[in-house]
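Dumped final23.txt below, it's compact mmCIF, C-alpha atoms:
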```txt
# COMPACT_ATOMS: atom_id res chain seq x y z
CA MET A 281 135.95 -117.22 78.70
CA THR A 282 134.68 -115.82 75.39
CA MET A 283 135.80 -112.47 74.01
CA SER A 284 132.37 -110.89 74.62
CA LYS A 285 132.39 -112.02 78.26
CA ARG A 286 135.90 -110.65 78.77
CA ILE A 287 134.81 -107.30 77.32
CA ILE A 288 131.78 -107.19 79.63
CA CYS A 289 133.91 -108.02 82.68
CA LEU A 290 136.46 -105.33 81.82
CA ILE A 291 133.81 -102.70 81.23
CA LEU A 292 131.96 -103.55 84.43
CA ALA A 293 135.21 -103.28 86.37
CA LEU A 294 135.96 -99.91 84.80
CA ILE A 295 132.45 -98.66 85.45
CA PHE A 296 132.86 -99.63 89.07
CA CYS A 297 136.14 -97.69 89.28
CA PHE A 298 134.49 -94.73 87.59
CA ALA A 299 131.55 -94.90 89.99
CA LEU A 300 133.95 -94.59 92.87
CA ALA A 301 135.90 -91.78 91.26
CA ALA A 302 133.16 -89.52 89.87
CA PRO A 303 130.94 -88.80 92.85
CA ALA A 304 133.41 -89.43 95.63
CA PHE A 305 134.53 -86.74 98.07
CA ALA A 306 137.78 -85.03 97.39
CA ALA A 307 139.96 -83.54 100.05
CA ASP A 308 140.85 -79.88 99.88
CA PRO A 309 141.14 -78.59 96.29
CA VAL A 310 144.55 -78.79 94.65
CA ALA A 311 146.16 -76.72 91.88
CA GLU A 312 146.17 -77.86 88.27
CA ASP A 313 149.98 -78.06 88.35
CA ASP A 314 149.84 -80.66 91.09
CA PRO A 315 152.15 -83.54 90.02
CA ARG A 316 149.36 -86.06 90.46
CA ILE A 317 147.09 -84.11 88.13
CA ILE A 318 149.88 -83.63 85.60
CA GLU A 319 150.56 -87.37 85.67
CA MET A 320 146.87 -88.20 85.18
CA LYS A 321 146.57 -85.69 82.32
CA SER A 322 149.56 -87.34 80.70
CA LYS A 323 147.84 -90.67 81.07
CA ILE A 324 144.69 -89.21 79.57
CA GLU A 325 146.63 -88.03 76.52
CA GLY A 326 148.13 -91.50 76.17
CA LEU A 327 144.68 -93.04 76.44
CA LYS A 328 143.36 -90.61 73.83
CA ARG A 329 146.07 -91.74 71.42
CA GLU A 330 145.43 -95.37 72.26
CA ALA A 331 141.69 -94.97 71.70
CA ALA A 332 142.27 -92.99 68.49
CA GLU A 333 144.66 -95.63 67.15
CA ALA A 334 142.21 -98.40 67.96
CA LYS A 335 139.42 -96.40 66.38
CA GLN A 336 141.46 -95.78 63.21
CA LYS A 337 142.36 -99.45 62.97
CA ARG A 338 138.70 -100.36 63.37
CA GLN A 339 137.77 -97.93 60.62
CA ASP A 340 140.43 -99.43 58.34
CA LEU A 341 139.25 -102.88 59.32
CA GLU A 342 135.67 -101.90 58.62
CA GLY A 343 136.49 -101.55 54.91
CA GLN A 344 138.06 -105.01 54.85
CA ILE A 345 135.08 -106.47 56.72
CA ASN A 346 132.61 -104.86 54.32
CA GLU A 347 134.60 -106.08 51.33
CA ALA A 348 134.85 -109.61 52.73
CA ARG A 349 131.17 -109.58 53.64
CA ALA A 350 130.22 -108.42 50.12
CA SER A 351 132.40 -111.16 48.59
CA ALA A 352 130.86 -113.75 50.90
CA MET A 353 127.37 -112.59 49.95
CA GLU A 354 128.25 -112.81 46.26
CA VAL A 355 129.65 -116.33 46.65
CA GLN A 356 126.64 -117.27 48.77
CA SER A 357 124.42 -116.14 45.89
CA GLN A 358 126.38 -118.45 43.59
CA VAL A 359 125.94 -121.30 46.07
CA ASN A 360 122.21 -120.60 46.26
CA ALA A 361 121.93 -120.50 42.46
CA LEU A 362 123.80 -123.80 42.09
CA GLN A 363 121.70 -125.40 44.80
CA ALA A 364 118.54 -124.21 43.04
CA GLU A 365 119.82 -125.80 39.83
CA ILE A 366 120.61 -129.04 41.68
CA ASN A 367 117.11 -129.01 43.17
CA ALA A 368 115.59 -128.43 39.72
CA TYR A 369 117.51 -131.39 38.33
CA GLN A 370 116.39 -133.48 41.29
CA ALA A 371 112.76 -132.54 40.62
CA GLU A 372 113.24 -133.64 36.99
CA ILE A 373 114.85 -136.90 38.13
CA ASN A 374 111.95 -137.52 40.50
CA ALA A 375 109.45 -136.92 37.69
CA LEU A 376 111.31 -139.29 35.37
CA ASN A 377 111.48 -141.91 38.11
CA THR A 378 107.71 -141.60 38.47
CA GLN A 379 107.18 -142.06 34.72
CA ILE A 380 109.58 -145.00 34.61
CA GLY A 381 107.77 -146.53 37.55
CA LEU A 382 104.39 -146.18 35.82
CA ILE A 383 105.72 -147.77 32.62
CA GLN A 384 107.26 -150.62 34.58
CA GLN A 385 103.93 -151.12 36.29
CA GLN A 386 102.21 -151.31 32.87
CA LEU A 387 104.84 -153.76 31.66
CA ASP A 388 104.22 -155.97 34.66
CA GLU A 389 100.44 -155.72 34.24
CA ASN A 390 100.68 -156.55 30.51
CA GLU A 391 102.93 -159.50 31.29
CA GLU A 392 100.31 -160.79 33.70
CA ALA A 393 97.54 -160.19 31.13
CA MET A 394 99.43 -162.18 28.47
CA GLU A 395 99.91 -165.01 30.90
CA ASP A 396 96.16 -164.94 31.63
CA GLN A 397 95.38 -165.01 27.89
CA LYS A 398 97.67 -167.98 27.35
CA LEU A 399 95.99 -169.79 30.22
CA GLN A 400 92.57 -169.07 28.67
CA ILE A 401 93.76 -170.48 25.33
CA GLU A 402 94.92 -173.62 27.04
CA ALA A 403 91.64 -173.81 28.96
CA THR A 404 89.63 -173.44 25.73
CA ARG A 405 91.67 -176.11 24.01
CA GLU A 406 91.19 -178.35 27.01
CA LEU A 407 87.44 -177.74 26.91
CA LEU A 408 87.33 -178.58 23.20
CA GLY A 409 89.29 -181.77 23.87
CA GLN A 410 86.88 -182.71 26.61
CA ARG A 411 83.98 -182.31 24.22
CA LEU A 412 85.65 -184.43 21.59
CA ARG A 413 86.47 -187.07 24.17
CA ALA A 414 82.87 -187.03 25.33
CA MET A 415 81.68 -187.45 21.76
CA TYR A 416 84.16 -190.30 21.33
CA MET A 417 83.02 -192.03 24.48
CA ALA A 418 79.47 -191.69 23.30
CA GLY A 419 80.46 -193.28 20.01
CA ASN A 420 80.34 -190.01 18.05
CA VAL A 421 83.94 -189.76 16.89
CA SER A 422 83.47 -188.13 13.53
CA THR A 423 81.12 -186.08 11.54
CA ILE A 424 80.50 -189.07 9.15
CA GLU A 425 79.47 -191.28 12.05
CA ILE A 426 77.20 -188.53 13.30
CA VAL A 427 75.63 -188.37 9.85
CA PHE A 428 75.12 -192.16 9.61
CA GLU A 429 73.64 -192.32 13.06
CA ALA A 430 71.03 -189.67 12.28
CA ASP A 431 67.55 -191.19 12.14
CA SER A 432 66.19 -188.46 9.95
CA PHE A 433 67.40 -185.80 7.57
CA GLU A 434 66.37 -183.08 9.97
CA ASN A 435 68.28 -184.79 12.77
CA LEU A 436 71.27 -185.07 10.47
CA LEU A 437 71.29 -181.34 9.78
CA ASN A 438 70.97 -180.57 13.42
CA ARG A 439 73.92 -182.82 14.29
CA ILE A 440 76.14 -181.29 11.61
CA GLU A 441 75.17 -177.77 12.72
CA LEU A 442 75.96 -178.60 16.35
CA VAL A 443 79.45 -179.89 15.59
CA THR A 444 80.19 -176.94 13.33
CA ARG A 445 79.05 -174.40 15.91
CA ILE A 446 81.06 -175.95 18.70
CA THR A 447 84.20 -176.01 16.58
CA LYS A 448 83.77 -172.46 15.24
CA HIS A 449 83.01 -171.07 18.71
CA ASP A 450 86.07 -172.60 20.28
CA GLN A 451 88.24 -171.64 17.36
CA LYS A 452 87.04 -168.02 17.53
CA ILE A 453 87.84 -167.85 21.23
CA ILE A 454 91.34 -169.14 20.58
CA THR A 455 91.84 -166.76 17.65
CA ASP A 456 90.62 -163.74 19.68
CA LEU A 457 92.87 -164.66 22.54
CA LYS A 458 95.86 -164.99 20.23
CA ASN A 459 95.09 -161.58 18.71
CA ASP A 460 94.90 -160.08 22.20
CA ILE A 461 98.28 -161.57 22.99
CA LYS A 462 99.75 -160.04 19.83
CA GLU A 463 98.38 -156.63 20.79
CA LEU A 464 99.77 -156.98 24.29
CA GLU A 465 103.15 -158.04 22.90
CA ALA A 466 103.18 -154.98 20.59
CA LEU A 467 102.25 -152.73 23.52
CA GLN A 468 104.94 -154.41 25.59
CA VAL A 469 107.55 -153.59 22.93
CA LYS A 470 106.37 -149.95 22.80
CA LEU A 471 106.41 -149.61 26.59
CA GLU A 472 109.89 -151.10 26.78
CA GLU A 473 111.10 -148.60 24.18
CA ASP A 474 109.54 -145.75 26.18
CA ARG A 475 111.16 -147.06 29.37
CA ILE A 476 114.58 -147.21 27.72
CA GLU A 477 114.14 -143.68 26.37
CA LEU A 478 113.11 -142.31 29.76
CA GLN A 479 116.01 -144.11 31.44
CA ALA A 480 118.39 -142.49 28.94
CA SER A 481 116.88 -139.07 29.72
CA LYS A 482 117.24 -139.72 33.42
CA ASP A 483 120.88 -140.76 32.98
CA GLU A 484 121.56 -137.46 31.18
CA VAL A 485 119.90 -135.42 33.94
CA VAL A 486 121.78 -137.34 36.65
CA ALA A 487 125.05 -136.64 34.83
CA SER A 488 124.20 -132.93 34.54
CA GLN A 489 123.28 -132.79 38.22
CA ALA A 490 126.58 -134.46 39.14
CA GLU A 491 128.47 -131.75 37.22
CA ILE A 492 126.61 -129.01 39.10
CA LYS A 493 127.25 -130.73 42.43
CA GLU A 494 130.95 -130.87 41.62
CA ALA A 495 130.94 -127.16 40.72
CA LYS A 496 129.11 -126.37 43.97
CA LYS A 497 131.81 -128.15 45.99
CA SER A 498 134.37 -125.69 44.65
CA VAL A 499 132.15 -122.69 45.43
CA ASP A 500 131.36 -124.08 48.90
CA ALA A 501 135.09 -124.31 49.60
CA LYS A 502 135.55 -120.70 48.47
CA LEU A 503 132.70 -119.58 50.72
CA ALA A 504 134.20 -121.44 53.69
CA VAL A 505 137.51 -119.60 53.19
CA LEU A 506 135.73 -116.23 53.02
CA GLU A 507 133.66 -116.96 56.12
CA ALA A 508 136.79 -117.99 58.04
CA TYR A 509 138.51 -114.77 56.92
CA LEU A 510 135.47 -112.71 57.90
CA ALA A 511 135.36 -114.38 61.31
CA LYS A 512 139.04 -113.52 61.80
CA LEU A 513 138.40 -109.87 60.90
CA ASN A 514 135.44 -109.74 63.30
CA ARG A 515 137.62 -111.12 66.10
CA GLU A 516 140.23 -108.45 65.40
CA ASP A 517 137.47 -105.81 65.40
CA ALA A 518 136.19 -107.08 68.77
CA GLN A 519 139.70 -106.89 70.22
CA LEU A 520 140.15 -103.33 68.97
CA LYS A 521 136.72 -102.45 70.29
CA GLU A 522 137.75 -103.79 73.69
CA ILE A 523 140.92 -101.69 73.64
CA GLU A 524 139.01 -98.56 72.60
CA ALA A 525 136.29 -99.06 75.23
CA GLN A 526 138.81 -99.68 77.98
CA ALA A 527 140.81 -96.58 77.04
CA GLU A 528 137.68 -94.41 76.96
CA ALA A 529 136.50 -95.69 80.34
CA GLN A 530 139.91 -95.14 81.94
CA LYS A 531 140.11 -91.68 80.41
CA ALA A 532 136.68 -90.77 81.85
CA ALA A 533 137.69 -92.04 85.29
CA TYR A 534 140.88 -89.96 85.26
CA ALA A 535 138.97 -86.87 84.09
CA ALA A 536 136.45 -87.25 86.90
CA THR A 537 139.20 -87.64 89.47
CA ILE A 538 141.01 -84.56 88.17
CA TYR A 539 137.85 -82.47 88.32
CA ASN A 540 137.12 -83.51 91.88
CA MET A 541 140.70 -82.85 92.95
CA ILE A 542 140.65 -79.32 91.47
CA HIS A 543 137.12 -78.29 92.44
CA GLY A 544 136.88 -80.03 95.74
CA SER A 545 134.17 -82.40 96.87
CA THR A 546 130.73 -82.59 95.34
CA SER A 547 127.81 -81.10 97.23
CA GLU A 548 126.52 -82.75 100.37
CA GLY A 549 123.07 -82.65 101.90
CA ASP A 550 119.97 -84.62 102.69
CA GLY A 551 119.51 -85.67 99.04
CA THR A 552 116.33 -83.65 98.39
CA ALA A 553 115.79 -81.75 95.13
CA SER A 554 112.99 -80.43 92.96
CA LEU A 555 113.66 -81.83 89.50
CA ILE A 556 111.78 -81.98 86.20
CA CYS A 557 111.79 -84.67 83.52
CA PRO A 558 114.99 -84.21 81.45
CA VAL A 559 113.14 -85.34 78.28
CA PRO A 560 110.80 -82.36 77.79
CA TYR A 561 108.19 -84.02 75.57
CA GLY A 562 104.66 -85.12 76.41
CA SER A 563 105.18 -88.41 74.55
CA ALA A 564 108.19 -89.40 76.68
CA TYR A 565 107.96 -92.75 78.44
CA VAL A 566 110.13 -95.04 80.58
CA SER A 567 111.49 -97.81 78.37
CA SER A 568 113.44 -99.50 81.19
CA PRO A 569 112.88 -98.72 84.90
CA TYR A 570 115.30 -98.66 87.81
CA GLY A 571 115.95 -102.11 89.25
CA PRO A 572 116.72 -105.66 88.16
CA ARG A 573 116.25 -106.41 84.47
CA THR A 574 117.02 -109.24 82.08
CA LEU A 575 118.69 -108.62 78.73
CA GLY A 576 118.92 -111.80 76.69
CA SER A 577 119.87 -114.50 79.17
CA LYS A 578 121.61 -112.18 81.66
CA THR A 579 119.96 -110.48 84.62
CA SER A 580 121.59 -107.37 86.08
CA PHE A 581 120.67 -104.30 88.10
CA HIS A 582 119.75 -101.15 86.14
CA TYR A 583 120.86 -98.09 88.11
CA GLY A 584 118.85 -95.50 86.21
CA LEU A 585 115.73 -94.74 84.21
CA ASP A 586 115.82 -95.21 80.44
CA ILE A 587 113.56 -92.54 78.95
CA SER A 588 112.61 -92.64 75.28
CA MET A 589 109.87 -91.38 73.00
CA PRO A 590 108.36 -91.99 69.56
CA GLY A 591 110.67 -90.69 66.86
CA ALA A 592 113.69 -90.87 69.16
CA MET A 593 115.81 -92.25 66.33
CA ASP A 594 115.49 -88.90 64.52
CA MET A 595 118.45 -87.89 66.71
CA ASP A 596 117.21 -84.33 67.23
CA LYS A 597 115.41 -84.65 70.57
CA ARG A 598 116.88 -82.25 73.11
CA ILE A 599 117.71 -83.12 76.70
CA VAL A 600 117.37 -80.48 79.44
CA ALA A 601 118.85 -80.05 82.91
CA ALA A 602 116.48 -81.61 85.45
CA GLY A 603 117.48 -78.86 87.86
CA ALA A 604 119.93 -76.02 88.30
CA GLY A 605 123.49 -77.03 89.10
CA THR A 606 127.14 -77.27 88.13
CA VAL A 607 128.47 -79.56 85.42
CA LEU A 608 131.02 -81.96 86.89
CA ILE A 609 131.87 -83.97 83.78
CA SER A 610 131.09 -83.63 80.07
CA SER A 611 132.38 -85.99 77.40
CA ASN A 612 131.90 -86.15 73.64
CA GLY A 613 134.61 -88.76 73.11
CA CYS A 614 132.28 -91.38 71.62
CA SER A 615 131.86 -91.12 67.85
CA HIS A 616 129.61 -94.16 67.59
CA ASN A 617 125.89 -93.86 67.22
CA TYR A 618 123.15 -96.37 66.51
CA LYS A 619 122.29 -95.08 63.07
CA LYS A 620 125.81 -95.37 61.71
CA TYR A 621 127.64 -97.89 63.84
CA SER A 622 126.50 -100.26 66.54
CA SER A 623 126.41 -100.22 70.34
CA CYS A 624 129.84 -99.68 71.90
CA GLY A 625 131.34 -99.34 75.35
CA CYS A 626 132.76 -95.82 75.21
CA ASN A 627 133.11 -93.97 78.52
CA GLY A 628 132.39 -97.13 80.45
CA GLY A 629 129.18 -97.67 78.51
CA TYR A 630 127.78 -94.15 79.05
CA GLY A 631 128.88 -93.00 75.59
CA ASN A 632 128.66 -89.21 75.31
CA TYR A 633 127.36 -87.97 78.65
CA CYS A 634 127.47 -85.27 81.30
CA VAL A 635 127.21 -85.27 85.09
CA ILE A 636 125.55 -82.38 86.91
CA ASP A 637 125.71 -81.62 90.64
CA HIS A 638 122.21 -80.32 91.40
CA GLY A 639 123.17 -79.41 94.98
CA ASN A 640 122.14 -80.77 98.35
CA GLY A 641 124.03 -84.01 97.58
CA VAL A 642 122.06 -84.82 94.37
CA ILE A 643 124.21 -85.75 91.37
CA ALA A 644 122.60 -86.68 88.02
CA PHE A 645 124.08 -88.58 85.09
CA TYR A 646 122.75 -87.90 81.57
CA ALA A 647 124.05 -90.71 79.34
CA HIS A 648 124.00 -92.03 75.72
CA LEU A 649 123.78 -88.49 74.28
CA THR A 650 124.50 -87.86 70.63
CA THR A 651 126.20 -84.68 71.81
CA SER A 652 126.73 -83.01 75.18
CA TYR A 653 126.36 -79.23 74.87
CA VAL A 654 127.85 -78.35 78.27
CA SER A 655 131.36 -78.34 79.70
CA ALA A 656 132.85 -79.16 83.09
CA GLY A 657 132.47 -76.27 85.56
CA GLN A 658 129.55 -74.70 83.66
CA VAL A 659 126.56 -73.56 85.72
CA VAL A 660 123.18 -74.46 84.23
CA ASN A 661 119.60 -73.55 85.03
CA GLN A 662 116.68 -75.93 85.27
CA GLY A 663 115.32 -76.56 81.76
CA ASP A 664 118.50 -75.48 79.93
CA THR A 665 119.29 -77.68 76.91
CA ILE A 666 122.36 -79.72 77.82
CA GLY A 667 122.49 -82.18 74.89
CA ILE A 668 120.73 -84.28 72.27
CA MET A 669 119.25 -87.73 72.86
CA GLY A 670 121.28 -90.46 71.18
CA CYS A 671 122.45 -94.06 71.27
CA THR A 672 126.14 -93.90 72.16
CA GLY A 673 127.90 -96.29 74.52
CA TYR A 674 126.20 -99.54 75.45
CA SER A 675 122.75 -98.69 74.20
CA THR A 676 120.02 -100.19 72.06
CA GLY A 677 117.86 -97.57 70.42
CA ALA A 678 117.96 -93.85 71.11
CA HIS A 679 117.08 -92.92 74.70
CA LEU A 680 118.37 -91.07 77.75
CA HIS A 681 119.85 -93.02 80.63
CA PHE A 682 119.06 -90.79 83.63
CA GLU A 683 120.83 -91.80 86.83
CA ILE A 684 120.90 -90.15 90.24
CA ARG A 685 123.41 -90.63 93.07
CA THR A 686 123.03 -88.98 96.45
CA ASN A 687 125.97 -87.74 98.48
CA LEU A 688 124.39 -87.57 101.91
CA SER A 689 126.11 -85.65 104.67
CA GLY A 690 128.29 -87.98 106.70
CA ALA A 691 128.16 -90.76 104.11
CA ARG A 692 131.38 -92.40 102.96
CA SER A 693 130.41 -92.44 99.26
CA ALA A 694 127.60 -91.54 96.90
CA THR A 695 124.72 -94.01 96.53
CA ASN A 696 122.52 -94.80 93.55
CA VAL A 697 118.83 -94.10 94.10
CA ASN A 698 115.71 -94.51 92.01
CA PRO A 699 115.31 -91.43 89.77
CA ALA A 700 111.55 -92.03 89.77
CA ASN A 701 111.58 -90.63 93.31
CA TYR A 702 112.73 -87.28 91.84
CA ILE A 703 111.07 -86.87 88.46
CA HIS A 704 107.76 -87.68 86.80
CA VAL A 705 107.80 -89.06 83.28
CA PRO A 706 104.53 -88.32 81.42
```

Output the file's structure in the form of C-alpha cells.
Amino acid sequence: MTMSKRIICLILALIFCFALAAPAFAADPVAEDDPRIIEMKSKIEGLKREAAEAKQKRQDLEGQINEARASAMEVQSQVNALQAEINAYQAEINALNTQIGLIQQQLDENEEAMEDQKLQIEATRELLGQRLRAMYMAGNVSTIEIVFEADSFENLLNRIELVTRITKHDQKIITDLKNDIKELEALQVKLEEDRIELQASKDEVVASQAEIKEAKKSVDAKLAVLEAYLAKLNREDAQLKEIEAQAEAQKAAYAATIYNMIHGSTSEGDGTASLICPVPYGSAYVSSPYGPRTLGSKTSFHYGLDISMPGAMDMDKRIVAAGAGTVLISSNGCSHNYKKYSSCGCNGGYGNYCVIDHGNGVIAFYAHLTTSYVSAGQVVNQGDTIGIMGCTGYSTGAHLHFEIRTNLSGARSATNVNPANYIHVP
C-alpha cells in the first residue's frame, strides 16, 4: 500500500471515530475533574505536542525541500541548455550531411557524364573508321586516288571538299568531347575538394557535440542525485504530515468526547429546523452537492454541501450561523491554508471548523474555515458571524463544507442528512 493510501485510510478511520464521538449521546453530565476527562485532556496535550513537533519538523524540512527543488531546477536548466546545444550541433551536422550528399550526387553525375563523353568519342572514331573503310571498299583509299579518279576539275574540287569536311567535322566532335571531359574532370576535382572540406567541418562539429554530450552526462548524474534527494525529503514530509493529521484528528475526537461528557447529550427531536444559507452572499453556489462523487479515480460519498462563491480565495468571506444554537466544538488548530500551503488532513480533514447544535436534534458542521470565531459552549443567534471561509483540512479551493446530522428522539446515534433539505443556496 502506498503512503498516500495509508494516509487516506488512517484519516477515514479517524473521521469515523470522530463521527461517533461528536454527535453521540452522553450519559448524565460529569465534572471536569472526572479521571476520564483528566486522562483525555492529558492525551490531548500530548497530541498537541506531537502535532506541534511534526509541524515544526515539516517547516524545517520545507526549507530543505525548497533548497533542493531550487538546486534541481538550476541543474535542470543546465541540462536543458546543454541539450539545446546538442540539438543545435545535430542540426548543423544534418545540414552538412545534406551538402555532402548533394556534392556526392554531383560527383556521381559528373562521373556518368564523363563516361558518356568517352563513349561518344569512341562512337565518333568508329563512325570515322566506318567511312574510311567504306571509301576503301569503294576503291577510294586516299585523297590522291580521289583526285585521279575525278572526271572533271569541278568533280575533283567537290571530292576534295567532301573528304576535308568529313574529317574536320569528326575531328571537331572529338575535340569538343575531349574539352568537355577536361571541364568535367576539373569540376570533379573542385567538387572533391569541397566534399573533403565539408567532411572536415562535419568531423569538427561531431567532435564538439561529443564533448557536450559527455558534459551533459555529468550534469544528468547530478540531477538524478538531486531528484532522489528531493524524493526522499518529500517522503519524510508525507510521513510527518500523516503524523500531524492523525494527532489533530485524535485531538478533535477527544475534545468532542470531553464536551459531551461535561455538557450532557446533544439535543434530541424530530430533526426539523428553520435555517438560512451560512454563506450570506447572493453569488454563493453549490460547488459539490451531497451524495456520491468522484475525485480523480476514486468515488466516495460526500456527506455535506460544498458552498463557494466568486472571489472565495480572497479569504475574507464571512460565514454565519444557519440558525440559533449552542457551539459544541470549535477548533483553530490547523495552520494550513490553500494560499500558503497545500491541502492537509487536520482535524480529520475538517481543518478549522465548528459544530453548532441548532436544537430539536439538528447539529451542523461548518468546516474548512480560515478561522472559527466562536468557542465551545457559546450561544449564537441565526445570522451571527461564526468564522471566515477558507481552505483548511482536506480541501481544494476556498469553500464551506456544511454538514448536518440529526439526532432523532429514540435513535441510537446521529445520522447524516442532505443539508439541501434545510437551506437554500442562491

CA of Ser588 (chain A) to CA of Ala564 (chain A): how many Å, to one decimal? 5.7 Å

Residues within 9 Å of Leu341 (chain A), only C-alpha atoms, excluding chain neighbours under 6 positions, as JSON, numbers by chain: {"A": [513, 514, 516, 517]}

Write to file, as a CSV table (one decimal), in the coordinates of the input, the residues of the selection just made, with C-alpha atoms.
```csv
chain,number,residue,atom,x,y,z
A,513,LEU,CA,138.4,-109.9,60.9
A,514,ASN,CA,135.4,-109.7,63.3
A,516,GLU,CA,140.2,-108.4,65.4
A,517,ASP,CA,137.5,-105.8,65.4
```

Considering only C-alpha atoms, can you say which of A:Gln519, A:Ser498, A:Ser322, A:Gln662 comes closest to Lys337 (chain A)?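 Result for the nearest residue to Lys337 (chain A): A:Gln519.
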
Pairwise distance for CA of Glu507 (chain A) and CA of Asn360 (chain A), rounded to one decimal in Å: 15.5 Å

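CA of Cys624 (chain A) is found 17.4 Å from CA of Ile345 (chain A).
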
Point (111.8, -93.4, 89.3) neighbourhood (10 Å, all atoms listed in the file) written as a PyMOL selection string: chain A and resi 566+569-571+584-586+682-684+697-705

So, with all atoms listed in the file as the atoms that count, which of A:Ala527, A:Ile587, A:Met669, A:Leu362 lies closest to Glu325 (chain A)?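 That would be A:Ala527, the residue with the smallest distance to Glu325 (chain A).
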
For Thr378 (chain A), which of A:Lys597, A:Thr574, A:Ile668, A:Arg475 is the closest residue, counting all atoms listed in the file?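 Using all atoms listed in the file, Thr378 (chain A) sits closest to A:Arg475.
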
Extract, using only C-alpha atoms, all DNA, RNA and protein residues at most 12 Å from Thr650 (chain A), discarding same-chain residues fewer than 4 positions from it, and format them as a ChimeraX atom specification. /A:592-599,611-620,630-634,646,666-673,675,677-680

Test item: residues at most 12 Å from Ala656 (chain A), all atoms listed in the file, excluding those fewer than 3 positions along its chain, as a ChimeraX atom specification: /A:535-536,538-540,542-543,605-612,633-637,652-653,659-660,666

Which of these residues is nearest to Asp388 (chain A), using only C-alpha atoms: A:Cys626, A:Asp313, A:Leu467, A:Thr455? A:Leu467

Please determine, counting all atoms listed in the file, which residue among A:Leu471, A:Ser568, A:Asn367, A:Asp456 has the shortest atom-to-atom distance to Gln379 (chain A).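 Going through A:Leu471, A:Ser568, A:Asn367, A:Asp456 one by one, the smallest distance to Gln379 (chain A) is for A:Leu471.
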
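Residues near the point (109.3, -145.2, 29.2), at a distance of 10 Å or less over only C-alpha atoms, make up Leu376, Asn377, Gln379, Ile380, Gly381, Leu382, Ile383, Gln384, Leu387, Lys470, Leu471, Glu472, Glu473, Asp474, Arg475, Ile476, Glu477, Leu478, Gln479, Ala480 and Ser481 of chain A.
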
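If all atoms listed in the file are the atoms counted, then among A:Asn687, A:Asn661, A:Gln489, A:Ser351 the closest residue to Ile556 (chain A) is A:Asn661.
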